[in-house]
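**Student:** This is the structure, below, for whatever I ask next.
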Amino acid sequence: CAQETYEQVCAAYRRIFDALGLDYVQVLADSGAMGGNYTHEFQVLAEVGEDDLVYCDRGDFRANVETLVGSDDEAALEGAVERYSGSECQHAGCSCAAEASAGRGTLHVKRGIEVGQAFLLGTKYSECFQALWQEPDGRTRSPLYMACFGIGVSRVMAATIENFGGSDESGIIWPTAIAPFDVAVITGPGNKSAQAGFQEHAVRLAEQLGTAHDVLLDDRWGESFGRRLAEAKLIGYPKIIVAGKHCAQGNVEVIDRATLESRVMPEGEAMAELIGRSQ
């Protein structure tokens, strides 16, 4: 049925946002012009968010303040935020109501960035368009029950940067799940004869890592090492491998984008660590 499908999609959305490591909440929302009387937003918690969200600290009540107010009037929303923040949860459907001995929970307000929404539309559209299905008795024709769903891909990217700790002075820090590439391989600085060996080594490393990862080989051999390294950090590849002066000793440099930690380690050990992490 439509309700079951709705819950399955919401569960799938939660798995997606869990995989991204986002601090998010699923909140009751207003269906607005879309219609239907049951809808949830998926909101990533962030101080720069555009929505105010109310939640109970002892129960499962979560809602967009706009839904509770029934209006997008700015003054009304500001008043509601002040009224709800720190007040006792009185929502009848909150799980804190079943824990009488512990007392009702306290409501808190945080801001969020909406990254997805699910709507249970019922028969609003199917009735208008006479979209019917035949009941098992073969005679009765009833309107289809409908739902619709959406994730804002560009919003997820923006929210990831705001919520994941996804940026620093060097650029973006992507979680591996949505990074443009898992690993970037670049060559280190050196003279012309050394560069030939570095380039050959970099190509081989990229091929090895490509068996388990999405790998970017930065083959702009004419660009400076400093520029290529800065751009790799700016774009936010989770791991950066440098094939350079340490190759002569059988080592490579591995840079972790999130921490900017740089380790010089045996090539075989680096490959085992990176390839093993993907399995």
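Chain identifiers are assigned as A, B, and so on, following the order in which chains appear in the structure tokens; residues are numbered from 1 within each chain, and ligands are numbered from 1 in order of appearance.
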Quick one: residues within 9 Å of A:His91, only C-alpha atoms, excluding same-chain residues fewer than 4 positions away - as a list in words?
**Tutor:**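 Counting only C-alpha atoms, the residues come to Phe61, Cys96 and Ala97 of chain A.
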**Student:** So which residues touch A:Leu229 within 12 Å, counting only C-alpha atoms, skipping near sequence neighbours fewer than 3 positions away, as a PyMOL selection string?
**Tutor:** chain A and resi 170-171+184-189+218+220+223-226+232-237+239-243+254-255+257+260
**Student:** Go ahead and write the selection's residues with N, CA, C and O atoms as a short mmCIF file (atom, residue, chain, number, x, y, z; two decimals), in the first residue's frame.
**Tutor:**
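The result, stored in part31.cif:
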data_model
loop_
_atom_site.label_atom_id
_atom_site.label_comp_id
_atom_site.auth_asym_id
_atom_site.auth_seq_id
_atom_site.Cartn_x
_atom_site.Cartn_y
_atom_site.Cartn_z
N SER A 170 41.78 25.30 3.49
CA SER A 170 42.32 24.75 2.23
C SER A 170 41.24 24.40 1.22
O SER A 170 41.54 24.20 0.05
N GLY A 171 39.99 24.28 1.68
CA GLY A 171 38.91 23.94 0.75
C GLY A 171 37.88 23.01 1.35
O GLY A 171 37.62 23.03 2.55
N ALA A 184 43.27 10.91 -5.10
CA ALA A 184 43.97 11.65 -6.15
C ALA A 184 45.43 11.27 -6.09
O ALA A 184 46.03 11.21 -5.01
N VAL A 185 46.02 10.99 -7.25
CA VAL A 185 47.44 10.65 -7.33
C VAL A 185 48.15 11.77 -8.09
O VAL A 185 47.75 12.11 -9.21
N ILE A 186 49.16 12.35 -7.46
CA ILE A 186 49.92 13.41 -8.11
C ILE A 186 51.41 13.12 -7.98
O ILE A 186 51.83 12.31 -7.14
N THR A 187 52.20 13.76 -8.81
CA THR A 187 53.65 13.61 -8.73
C THR A 187 54.24 14.73 -7.90
O THR A 187 53.73 15.86 -7.88
N GLY A 188 55.33 14.42 -7.19
CA GLY A 188 55.99 15.41 -6.37
C GLY A 188 56.95 16.27 -7.19
O GLY A 188 57.12 16.06 -8.40
N PRO A 189 57.59 17.24 -6.55
CA PRO A 189 58.53 18.12 -7.25
C PRO A 189 59.83 17.39 -7.57
O PRO A 189 60.23 16.45 -6.89
N ASP A 218 46.22 12.96 -11.66
CA ASP A 218 46.45 14.32 -12.13
C ASP A 218 47.66 14.30 -13.06
O ASP A 218 48.81 14.35 -12.60
N ARG A 220 48.55 16.49 -15.29
CA ARG A 220 48.96 17.81 -15.79
C ARG A 220 50.44 18.00 -15.42
O ARG A 220 50.79 18.80 -14.57
N GLU A 223 52.13 21.41 -14.82
CA GLU A 223 51.76 22.29 -13.71
C GLU A 223 52.66 22.03 -12.50
O GLU A 223 53.18 20.92 -12.32
N SER A 224 52.84 23.04 -11.70
CA SER A 224 53.70 22.89 -10.52
C SER A 224 53.07 21.95 -9.51
O SER A 224 51.85 21.80 -9.43
N PHE A 225 53.93 21.33 -8.70
CA PHE A 225 53.45 20.45 -7.64
C PHE A 225 52.58 21.23 -6.66
O PHE A 225 51.53 20.76 -6.23
N GLY A 226 53.02 22.43 -6.29
CA GLY A 226 52.27 23.22 -5.33
C GLY A 226 50.85 23.50 -5.79
O GLY A 226 49.90 23.42 -5.00
N ALA A 232 44.06 19.77 -5.24
CA ALA A 232 43.55 18.51 -4.70
C ALA A 232 42.91 18.71 -3.33
O ALA A 232 41.86 18.15 -3.02
N LYS A 233 43.53 19.57 -2.52
CA LYS A 233 42.97 19.89 -1.20
C LYS A 233 41.71 20.73 -1.35
O LYS A 233 40.73 20.54 -0.63
N LEU A 234 41.72 21.68 -2.28
CA LEU A 234 40.58 22.56 -2.51
C LEU A 234 39.34 21.76 -2.91
O LEU A 234 38.24 21.98 -2.38
N ILE A 235 39.51 20.83 -3.83
CA ILE A 235 38.38 20.03 -4.31
C ILE A 235 37.94 19.02 -3.26
O ILE A 235 36.75 18.69 -3.16
N GLY A 236 38.86 18.54 -2.45
CA GLY A 236 38.48 17.73 -1.30
C GLY A 236 38.53 16.23 -1.46
O GLY A 236 37.74 15.52 -0.83
N TYR A 237 39.46 15.71 -2.26
CA TYR A 237 39.59 14.26 -2.37
C TYR A 237 39.99 13.69 -1.01
O TYR A 237 40.94 14.19 -0.39
N LYS A 239 41.72 11.14 0.01
CA LYS A 239 43.12 10.75 0.13
C LYS A 239 43.91 11.30 -1.06
O LYS A 239 43.41 11.28 -2.20
N ILE A 240 45.11 11.78 -0.79
CA ILE A 240 45.99 12.28 -1.84
C ILE A 240 47.30 11.49 -1.74
O ILE A 240 47.93 11.45 -0.67
N ILE A 241 47.69 10.86 -2.85
CA ILE A 241 48.93 10.09 -2.89
C ILE A 241 49.95 10.86 -3.72
O ILE A 241 49.66 11.28 -4.84
N VAL A 242 51.13 11.05 -3.14
CA VAL A 242 52.20 11.76 -3.84
C VAL A 242 53.29 10.78 -4.21
O VAL A 242 53.90 10.14 -3.34
N ALA A 243 53.54 10.65 -5.52
CA ALA A 243 54.65 9.84 -6.03
C ALA A 243 55.80 10.80 -6.30
O ALA A 243 55.78 11.55 -7.28
N VAL A 254 51.23 9.72 1.75
CA VAL A 254 49.77 9.63 1.81
C VAL A 254 49.25 10.78 2.67
O VAL A 254 49.63 10.91 3.84
N ILE A 255 48.40 11.62 2.08
CA ILE A 255 47.85 12.77 2.79
C ILE A 255 46.37 12.53 3.02
O ILE A 255 45.62 12.23 2.08
N ARG A 257 42.92 14.10 3.69
CA ARG A 257 42.38 15.44 3.48
C ARG A 257 41.68 15.99 4.72
O ARG A 257 41.76 17.20 5.00
N LEU A 260 44.68 16.55 7.22
CA LEU A 260 45.89 17.07 6.58
C LEU A 260 47.15 16.36 7.10
O LEU A 260 48.27 16.84 6.91
#
**Student:** So which one's closest to A:Ile151, A:Phe129, A:Phe181, A:Tyr84, A:Tyr13? Using only C-alpha atoms, please.
**Tutor:** A:Tyr13
**Student:** From the list A:Glu273, A:Glu41, A:Glu267, A:Glu47, which residue is nearest A:Gly112 when using only C-alpha atoms?
**Tutor:**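 The closest residue to A:Gly112 is A:Glu47.
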**Student:** DSSP says helix (DSSP H, G or I) for which residues of stretch 97-271 of chain A? Put them as a VMD selection string?
**Tutor:** chain A and resid 97 to 98 100 to 102 124 to 128 153 to 163 176 to 178 192 to 209 225 to 235 245 to 249 267 to 271
**Student:** Just the number, please: distance in Å from atom CA of A:Ala118 to atom CA of A:Leu28, one decimal.
**Tutor:** 10.1 Å
**Student:** What's around A:Gly210 at 12 Å? Count only C-alpha atoms, leave out sequence neighbours fewer than 4 positions away in its own chain, and write the answer as a ChimeraX atom specification.
**Tutor:** /A:181-185,202-206,214-217,271,274-275,278
**Student:** Applying 12 Å and only C-alpha atoms, which residues near A:Ile161 remain after dropping the ones on its own chain fewer than 3 positions away? List them as a ChimeraX atom specification.
**Tutor:** /A:20-23,44-46,48,113,154-158,164-168,171-175,178-179,235-236
**Student:** Closest to A:Cys128 among A:Leu144, A:Arg58, A:Val109, A:Glu66, using only C-alpha atoms?
**Tutor:**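 Of the candidates, the smallest distance to A:Cys128 is held by A:Leu144.
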**Student:** My list of candidates is A:Arg15, A:Ser31, A:Gly222, A:His108. Which is closest to A:Asp52 when distances are computed with only C-alpha atoms?
**Tutor:** A:His108
**Student:** How many Å separate atom CA of A:Val153 from atom CA of A:Val115?
**Tutor:**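 The value is 7.5 Å.
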